[in-house]
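Enquirer: One structure, pasted below without further comment.
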Amino acid sequence: MLFSSSARAALCMLLLFLAPVRASLAAGPSDELAPGFDACMKKAERTMEVNACLQDAYSYWDESLNRHYRQLMKKRSGSGLAEGRQDLQKAQRAWLAYRDSMAVCLSRTEGGTIDVLRSTEFLARETRRQDRLLARMLNSE
């Protein structure tokens, strides 16, 4: 037996106590979808305005993603990295196909304006996730 029952109980209590703290740290100071998104949503009163906020968030992350992708491709253009460059290009194309197909799927779920919002929000969130992945790759190479 590695730990006594009282040590296991204390460890469990510590983990239960730290879980919410860890979650709040992982989320960062703000889990805003994109800079200015929360302020935009506070002003939005109509569906069209909400969609504009989501579209702005998507555009923000799409520009950042494209910048990080170009930087990674440039970084991998050196000798000995040609395969890594091809792998990145192949992976990014597959990810784009997934993202775009899922956005189309979400845009045809229930019918009506909620589908447009759901699809645009997915595009923004998924593009943010991919951008953060490419940024981590860029910083680790």
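FYI, nothing fancy with the structure tokens labels: chains A, B, ... in order, residues from 1 per chain, ligands from 1 as they appear.
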When you look at A:Met41 with a cut-off of 12 Å (counting only C-alpha atoms), what residues show up, excluding the ones that are within fewer than 6 positions of it in the same chain? I need them as a PyMOL selection string.

Expert: chain A and resi 32-35+47-57

Enquirer: Emit the selected residues as a tab-separated table (two decimals), in the first residue's frame, including all heavy atoms.

Expert:
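out_33.tsv, freshly written:
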chain	number	residue	atom	x	y	z
A	32	GLU	N	-12.77	35.65	-23.04
A	32	GLU	CA	-13.47	36.37	-24.10
A	32	GLU	C	-13.14	35.70	-25.43
A	32	GLU	O	-11.99	35.34	-25.69
A	32	GLU	CB	-13.02	37.83	-24.06
A	32	GLU	CG	-13.75	38.71	-25.02
A	32	GLU	CD	-13.36	40.18	-24.86
A	32	GLU	OE1	-12.22	40.47	-24.47
A	32	GLU	OE2	-14.22	41.02	-25.12
A	33	LEU	N	-14.13	35.56	-26.28
A	33	LEU	CA	-13.94	34.88	-27.55
A	33	LEU	C	-12.86	35.54	-28.40
A	33	LEU	O	-12.06	34.88	-29.04
A	33	LEU	CB	-15.26	34.79	-28.31
A	33	LEU	CG	-15.26	34.03	-29.62
A	33	LEU	CD1	-14.74	32.60	-29.44
A	33	LEU	CD2	-16.65	34.00	-30.22
A	34	ALA	N	-12.82	36.83	-28.40
A	34	ALA	CA	-11.80	37.61	-29.12
A	34	ALA	C	-11.78	38.99	-28.48
A	34	ALA	O	-12.75	39.39	-27.83
A	34	ALA	CB	-12.13	37.70	-30.60
A	35	PRO	N	-10.69	39.73	-28.67
A	35	PRO	CA	-10.65	41.09	-28.10
A	35	PRO	C	-11.85	41.92	-28.58
A	35	PRO	O	-12.14	41.97	-29.77
A	35	PRO	CB	-9.33	41.65	-28.63
A	35	PRO	CG	-8.48	40.44	-28.86
A	35	PRO	CD	-9.44	39.37	-29.33
A	47	THR	N	-30.34	39.96	-33.80
A	47	THR	CA	-29.60	38.79	-34.29
A	47	THR	C	-28.50	39.20	-35.26
A	47	THR	O	-27.39	38.69	-35.20
A	47	THR	CB	-30.56	37.81	-34.99
A	47	THR	OG1	-31.61	37.48	-34.08
A	47	THR	CG2	-29.85	36.55	-35.41
A	48	MET	N	-28.79	40.14	-36.11
A	48	MET	CA	-27.81	40.62	-37.09
A	48	MET	C	-26.57	41.21	-36.38
A	48	MET	O	-25.44	40.99	-36.82
A	48	MET	CB	-28.46	41.67	-37.99
A	48	MET	CG	-27.61	42.12	-39.15
A	48	MET	SD	-28.56	43.16	-40.28
A	48	MET	CE	-28.44	44.74	-39.45
A	49	GLU	N	-26.79	41.92	-35.29
A	49	GLU	CA	-25.68	42.50	-34.53
A	49	GLU	C	-24.88	41.43	-33.80
A	49	GLU	O	-23.65	41.50	-33.71
A	49	GLU	CB	-26.21	43.55	-33.56
A	49	GLU	CG	-26.82	44.75	-34.26
A	49	GLU	CD	-27.68	45.60	-33.35
A	49	GLU	OE1	-28.17	45.09	-32.32
A	49	GLU	OE2	-27.89	46.78	-33.68
A	50	VAL	N	-25.56	40.43	-33.26
A	50	VAL	CA	-24.88	39.31	-32.61
A	50	VAL	C	-24.00	38.58	-33.62
A	50	VAL	O	-22.84	38.27	-33.36
A	50	VAL	CB	-25.88	38.33	-31.95
A	50	VAL	CG1	-25.20	37.06	-31.49
A	50	VAL	CG2	-26.61	39.01	-30.80
A	51	ASN	N	-24.57	38.34	-34.81
A	51	ASN	CA	-23.79	37.67	-35.85
A	51	ASN	C	-22.59	38.51	-36.27
A	51	ASN	O	-21.52	37.97	-36.55
A	51	ASN	CB	-24.66	37.32	-37.06
A	51	ASN	CG	-23.97	36.33	-37.96
A	51	ASN	OD1	-23.48	35.30	-37.49
A	51	ASN	ND2	-23.90	36.64	-39.23
A	52	ALA	N	-22.73	39.83	-36.30
A	52	ALA	CA	-21.60	40.70	-36.64
A	52	ALA	C	-20.49	40.56	-35.60
A	52	ALA	O	-19.31	40.54	-35.95
A	52	ALA	CB	-22.06	42.14	-36.77
A	53	CYS	N	-20.87	40.47	-34.32
A	53	CYS	CA	-19.87	40.27	-33.26
A	53	CYS	C	-19.14	38.95	-33.46
A	53	CYS	O	-17.91	38.87	-33.33
A	53	CYS	CB	-20.52	40.29	-31.88
A	53	CYS	SG	-21.26	41.87	-31.41
A	54	LEU	N	-19.91	37.90	-33.75
A	54	LEU	CA	-19.31	36.58	-33.98
A	54	LEU	C	-18.41	36.60	-35.22
A	54	LEU	O	-17.32	36.02	-35.22
A	54	LEU	CB	-20.40	35.52	-34.12
A	54	LEU	CG	-21.15	35.17	-32.85
A	54	LEU	CD1	-22.41	34.37	-33.17
A	54	LEU	CD2	-20.24	34.40	-31.89
A	55	GLN	N	-18.87	37.27	-36.26
A	55	GLN	CA	-18.08	37.37	-37.49
A	55	GLN	C	-16.77	38.11	-37.24
A	55	GLN	O	-15.72	37.72	-37.75
A	55	GLN	CB	-18.90	38.05	-38.59
A	55	GLN	CG	-18.28	37.98	-39.96
A	55	GLN	CD	-18.16	36.55	-40.47
A	55	GLN	OE1	-19.08	35.78	-40.40
A	55	GLN	NE2	-16.99	36.22	-41.01
A	56	ASP	N	-16.81	39.18	-36.44
A	56	ASP	CA	-15.59	39.92	-36.10
A	56	ASP	C	-14.62	39.04	-35.33
A	56	ASP	O	-13.41	39.08	-35.57
A	56	ASP	CB	-15.91	41.17	-35.27
A	56	ASP	CG	-16.58	42.27	-36.09
A	56	ASP	OD1	-16.59	42.19	-37.34
A	56	ASP	OD2	-17.11	43.21	-35.46
A	57	ALA	N	-15.14	38.23	-34.40
A	57	ALA	CA	-14.29	37.31	-33.64
A	57	ALA	C	-13.66	36.29	-34.56
A	57	ALA	O	-12.46	36.00	-34.47
A	57	ALA	CB	-15.10	36.62	-32.54

Enquirer: Set the distance at 12 Å and use only C-alpha atoms: which residues neighbour A:Arg129 once local chain neighbours fewer than 3 positions away are removed? I'd like the list as a list in words.

Expert: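 My reading of the contact set: Leu33, Ala34, Tyr58, Trp61, Asp62, Ser64, Leu65, Trp95, Arg99, Phe122, Leu123, Ala124, Arg125, Glu126, Arg132, Leu133, Leu134, Ala135 and Arg136 of chain A.
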
Enquirer: May I have the residues from that selection written out with N, CA and C atoms, as a short mmCIF file (atom, residue, chain, number, x, y, z; two decimals), in the first residue's frame?

Expert:
data_model
loop_
_atom_site.label_atom_id
_atom_site.label_comp_id
_atom_site.auth_asym_id
_atom_site.auth_seq_id
_atom_site.Cartn_x
_atom_site.Cartn_y
_atom_site.Cartn_z
N LEU A 33 -14.13 35.56 -26.28
CA LEU A 33 -13.94 34.88 -27.55
C LEU A 33 -12.86 35.54 -28.40
N ALA A 34 -12.82 36.83 -28.40
CA ALA A 34 -11.80 37.61 -29.12
C ALA A 34 -11.78 38.99 -28.48
N TYR A 58 -14.46 35.75 -35.47
CA TYR A 58 -13.92 34.78 -36.43
C TYR A 58 -12.83 35.42 -37.30
N TRP A 61 -9.50 35.77 -35.37
CA TRP A 61 -8.73 34.53 -35.23
C TRP A 61 -8.26 33.99 -36.57
N ASP A 62 -9.03 34.21 -37.63
CA ASP A 62 -8.61 33.75 -38.95
C ASP A 62 -7.35 34.48 -39.40
N SER A 64 -5.10 35.85 -37.41
CA SER A 64 -4.02 35.39 -36.54
C SER A 64 -3.55 34.00 -36.96
N LEU A 65 -4.50 33.12 -37.27
CA LEU A 65 -4.17 31.77 -37.72
C LEU A 65 -3.34 31.81 -38.99
N TRP A 95 -7.56 19.96 -41.52
CA TRP A 95 -8.28 20.70 -40.49
C TRP A 95 -9.27 21.68 -41.10
N ARG A 99 -13.20 21.80 -40.40
CA ARG A 99 -13.83 23.01 -39.86
C ARG A 99 -14.95 23.50 -40.75
N PHE A 122 -19.06 28.53 -34.02
CA PHE A 122 -18.17 27.38 -34.18
C PHE A 122 -16.92 27.78 -34.95
N LEU A 123 -17.09 28.51 -36.05
CA LEU A 123 -15.94 28.94 -36.85
C LEU A 123 -14.97 29.76 -36.01
N ALA A 124 -15.49 30.67 -35.20
CA ALA A 124 -14.64 31.52 -34.37
C ALA A 124 -13.90 30.68 -33.32
N ARG A 125 -14.63 29.83 -32.61
CA ARG A 125 -14.01 29.04 -31.54
C ARG A 125 -13.02 28.02 -32.08
N GLU A 126 -13.37 27.36 -33.15
CA GLU A 126 -12.49 26.34 -33.72
C GLU A 126 -11.24 26.98 -34.32
N ARG A 132 -4.21 28.87 -31.61
CA ARG A 132 -3.42 28.68 -30.38
C ARG A 132 -2.49 27.49 -30.52
N LEU A 133 -2.94 26.44 -31.19
CA LEU A 133 -2.07 25.28 -31.44
C LEU A 133 -0.88 25.68 -32.30
N LEU A 134 -1.13 26.38 -33.40
CA LEU A 134 -0.04 26.80 -34.27
C LEU A 134 0.91 27.76 -33.55
N ALA A 135 0.37 28.63 -32.72
CA ALA A 135 1.22 29.55 -31.96
C ALA A 135 2.14 28.78 -31.01
N ARG A 136 1.60 27.74 -30.36
CA ARG A 136 2.44 26.91 -29.47
C ARG A 136 3.52 26.19 -30.29
#

Enquirer: Quick check, in Å to one decimal: how far apart do atom CA of A:Ser119 and atom CA of A:Phe37 lie?

Expert: 16.5 Å

Enquirer: Would you please work out which residue, of A:His68, A:Glu141, A:Gly36, A:Gly111, is nearest to A:Leu81 when using only C-alpha atoms?

Expert: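 Under the stated criterion, the closest residue is A:Glu141.
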
Enquirer: Which neighbours of A:Arg70 fall inside 12 Å, counting only C-alpha atoms, when residues of the same chain fewer than 6 positions from it are skipped, and could you give them as an mmCIF file with C-alpha atoms, in the first residue's frame?

Expert:
data_model
loop_
_atom_site.group_PDB
_atom_site.id
_atom_site.type_symbol
_atom_site.label_atom_id
_atom_site.label_comp_id
_atom_site.auth_asym_id
_atom_site.auth_seq_id
_atom_site.Cartn_x
_atom_site.Cartn_y
_atom_site.Cartn_z
ATOM 1 C CA GLU A 63 -6.086 36.557 -39.505
ATOM 2 C CA SER A 64 -4.019 35.387 -36.538
ATOM 3 C CA ARG A 76 10.158 25.062 -41.863
ATOM 4 C CA SER A 77 11.496 26.105 -45.253
ATOM 5 C CA ARG A 85 6.545 21.629 -43.986
ATOM 6 C CA LEU A 88 1.993 20.906 -41.691
ATOM 7 C CA GLN A 89 0.404 21.803 -45.015
ATOM 8 C CA GLN A 92 -3.819 22.278 -42.057
ATOM 9 C CA ASP A 131 -4.516 29.341 -33.958
ATOM 10 C CA LEU A 134 -0.036 26.801 -34.274
ATOM 11 C CA ALA A 135 1.222 29.554 -31.956
ATOM 12 C CA LEU A 138 5.798 28.216 -33.482
#

Enquirer: For the structure I just gave you, how does DSSP split stretch 10-130 of chain A - specifically, which residues are helix (DSSP H, G or I)? Reply as a PyMOL selection string.

Expert: chain A and resi 10-27+37-43+47-75+82-106+113-130
